[in-house]
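> My questions all concern the structure below.
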Amino acid sequence: MQCKELEAVLEHEGLVPLPPAARAHLAECAACQGFFADLTSVQALAHELPAEADPPERLWISLRAQLTAEGIIRESVEVPAGTPWWQGFTAWLRPRTLATAGAGIVLFVTAIFLSRNPIPQPVAKIANSPVVSRVTSPVTSAAASRVAPPVKDSSLTPRPSPTEEAMANGGVVLNQAELDVPDMQLAGNSTVDASLRNNLRTVNEFIAECQQHLKEHPGDQLAREYLESAYQQKAELLAAMMDSGRSEH
Amino acid sequence: MPGTTLGGIRRIRKGSSAALAKLARQRPTEPVAWTEAEAIRRAQAGDAAAFEFLYQMHSRRVYALCLRMVSNPADAEDLAQEAFLQLFRKIGTFRGESAFSTWLHRMTVNVVLMRLRKKSLPTDSLEETIEPDAENSGPKRDVGAADLRLSGAVDRVNLERSIEKLPPGYKTVFVLHDVQGFEHNEIANIMGCSVGNSKSQLHKARTRLRELLQEEVRDQARQERQAAKSQTGSLD
């Protein structure tokens, strides 16, 4: 082995372990012995140098401030993985979760109860009657859509007396039951209640129109038929309202 | 963790013991019993304590590497901060294909070499030292010439001074291998080169250091002779 070959071995294999041929050359070449000894000394001395050095404390402070400013670190986080699966059950015992679950159960039971005990819809009869369907009136559209129009809050406006209201709507009061209707809680549901009252008001207005027309045209047979049918509708509507009120009280 | 070599494990243990002791002194209530993998997972979720744990575990080695590379505490501090900033910005992408310390040191070396490139040292070409031409830039040895036996003639101060004079490419490989204890496969990963290239660079770095140390020894001997001469002259 030549000196250059030894150096190639040292370059590609390192200082130890040397192959036998390289060791044999070293044993007989003083120059290579010195070269090898120097490299070994450098390596040994380098191992004594400290591999670590304490950075100044301000380095972490500065680094942390920068990381916080960039939104990379947060003070407290929930680690996404690694938590045992049973720890998730404790989340179900929190008060807010329990309250939400309770409200959901109540809504569900109420929905089942209402679906099994549907609220009577007397308005439908008015909509299907031949008299009302032949004329354009609010009752028709309301009944057809089965959605009551928005009404003013009765508690905010003073109500007229039953007699005044009946007379204002048509001047015809069928019986004492009609006088009791305005103060009666009908269905326990403000929307249905308002819808029934609105339908009664519309029928009364239609009766008043028919009466006015008959005063001016006493011989109009068609108007008489309308009036007769309207009275019939009103009677049925009042009966339905009374039944609804009785079922609630 | 996949990719962790025995050398890597040894270094992590060495570094973690110091970090754990430091954390225990600073915050006794903190959960310091994390493994590195646990701390990484927490840091990926943004946990501030995990970031600090990882910093305390590795900052001493990273700072030491930066200090050896630039030989200036202020610059080393700046570089270490930049390296950790890059690390923590990208920690969400760490999948454990290589050891965490290897990943961190790769970033550190890149930050340092980029800084040195920007400074564009007038005496050394980085390209030349990272991929040296063996015929032109490799260290030369006068075979057959009288060798100065360095054993016993040099100390750590001489060596540190000579390391400062090494070109950046040689210096990086030498510090990583002979000072910090990385294996050649890890250095190849850090430097983005082959294992053979890492071995070759190391050998040339050692040979160059030998030359620099020989110059140091000669300079010292010359100064001693001059001092002795002037002392003799003053006596006469």
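Order determines the names: the first chain of the structure tokens is A, the second B, and so forth; residues in each chain are numbered 1 upward, and ligands are numbered 1 upward as they are shown.
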Any idea which chain A residues end up within 7 Å of chain B if we count only C-alpha atoms, as a list in words please?
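Per the criterion, chain A yields Glu11, His12, Ala31, Gly34, Phe35, Asp38, Leu39, Ser41, Val42, Gln43, Leu45, Ala46, His47, Leu49, Ala51, Glu52, Ala53, Asp54, Pro55, Leu59, Leu63, Ile72, Ile73, Arg74, Glu75, Ser76, Val77 and Val79 of chain A.
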> For the selection just defined, write its residues with C-alpha atoms to a file, as a tab-separated table (two decimals), in the first residue's frame.

```
chain	number	residue	atom	x	y	z
A	11	GLU	CA	-11.02	9.42	3.87
A	12	HIS	CA	-13.60	6.77	3.06
A	31	ALA	CA	5.33	10.03	7.72
A	34	GLY	CA	2.77	11.10	12.13
A	35	PHE	CA	-0.17	12.01	9.90
A	38	ASP	CA	-2.13	14.02	14.29
A	39	LEU	CA	-5.60	13.22	12.96
A	41	SER	CA	-5.16	13.86	18.24
A	42	VAL	CA	-7.47	16.32	16.51
A	43	GLN	CA	-10.38	13.93	16.85
A	45	LEU	CA	-9.29	16.93	21.28
A	46	ALA	CA	-12.55	17.73	19.46
A	47	HIS	CA	-14.39	15.21	21.61
A	49	LEU	CA	-14.91	20.37	23.35
A	51	ALA	CA	-21.14	20.01	22.66
A	52	GLU	CA	-23.59	22.29	24.43
A	53	ALA	CA	-23.65	25.90	25.49
A	54	ASP	CA	-26.19	27.76	27.56
A	55	PRO	CA	-28.06	30.31	25.48
A	59	LEU	CA	-33.53	33.98	23.84
A	63	LEU	CA	-38.75	33.50	20.89
A	72	ILE	CA	-48.37	29.69	16.95
A	73	ILE	CA	-48.50	28.94	20.67
A	74	ARG	CA	-51.41	29.13	23.06
A	75	GLU	CA	-51.41	29.02	26.82
A	76	SER	CA	-53.78	26.11	27.30
A	77	VAL	CA	-54.91	23.71	24.64
A	79	VAL	CA	-54.55	17.83	22.95
```
> Could you work out how far atom CA of A:Pro17 lies from atom CA of B:His105, giving the answer in Å with one decimal?
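Interatomic distance here is 28.0 Å.
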> Determine the nearest neighbour of B:Phe100 from the options B:Tyr170, B:Ala227, B:Ile190, B:Asn158, counting only C-alpha atoms.
B:Ile190
> Quick one, how far is atom CA of B:Thr35 from atom CA of B:Met69?
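We find that atom CA of B:Thr35 and atom CA of B:Met69 lie 29.7 Å from each other.
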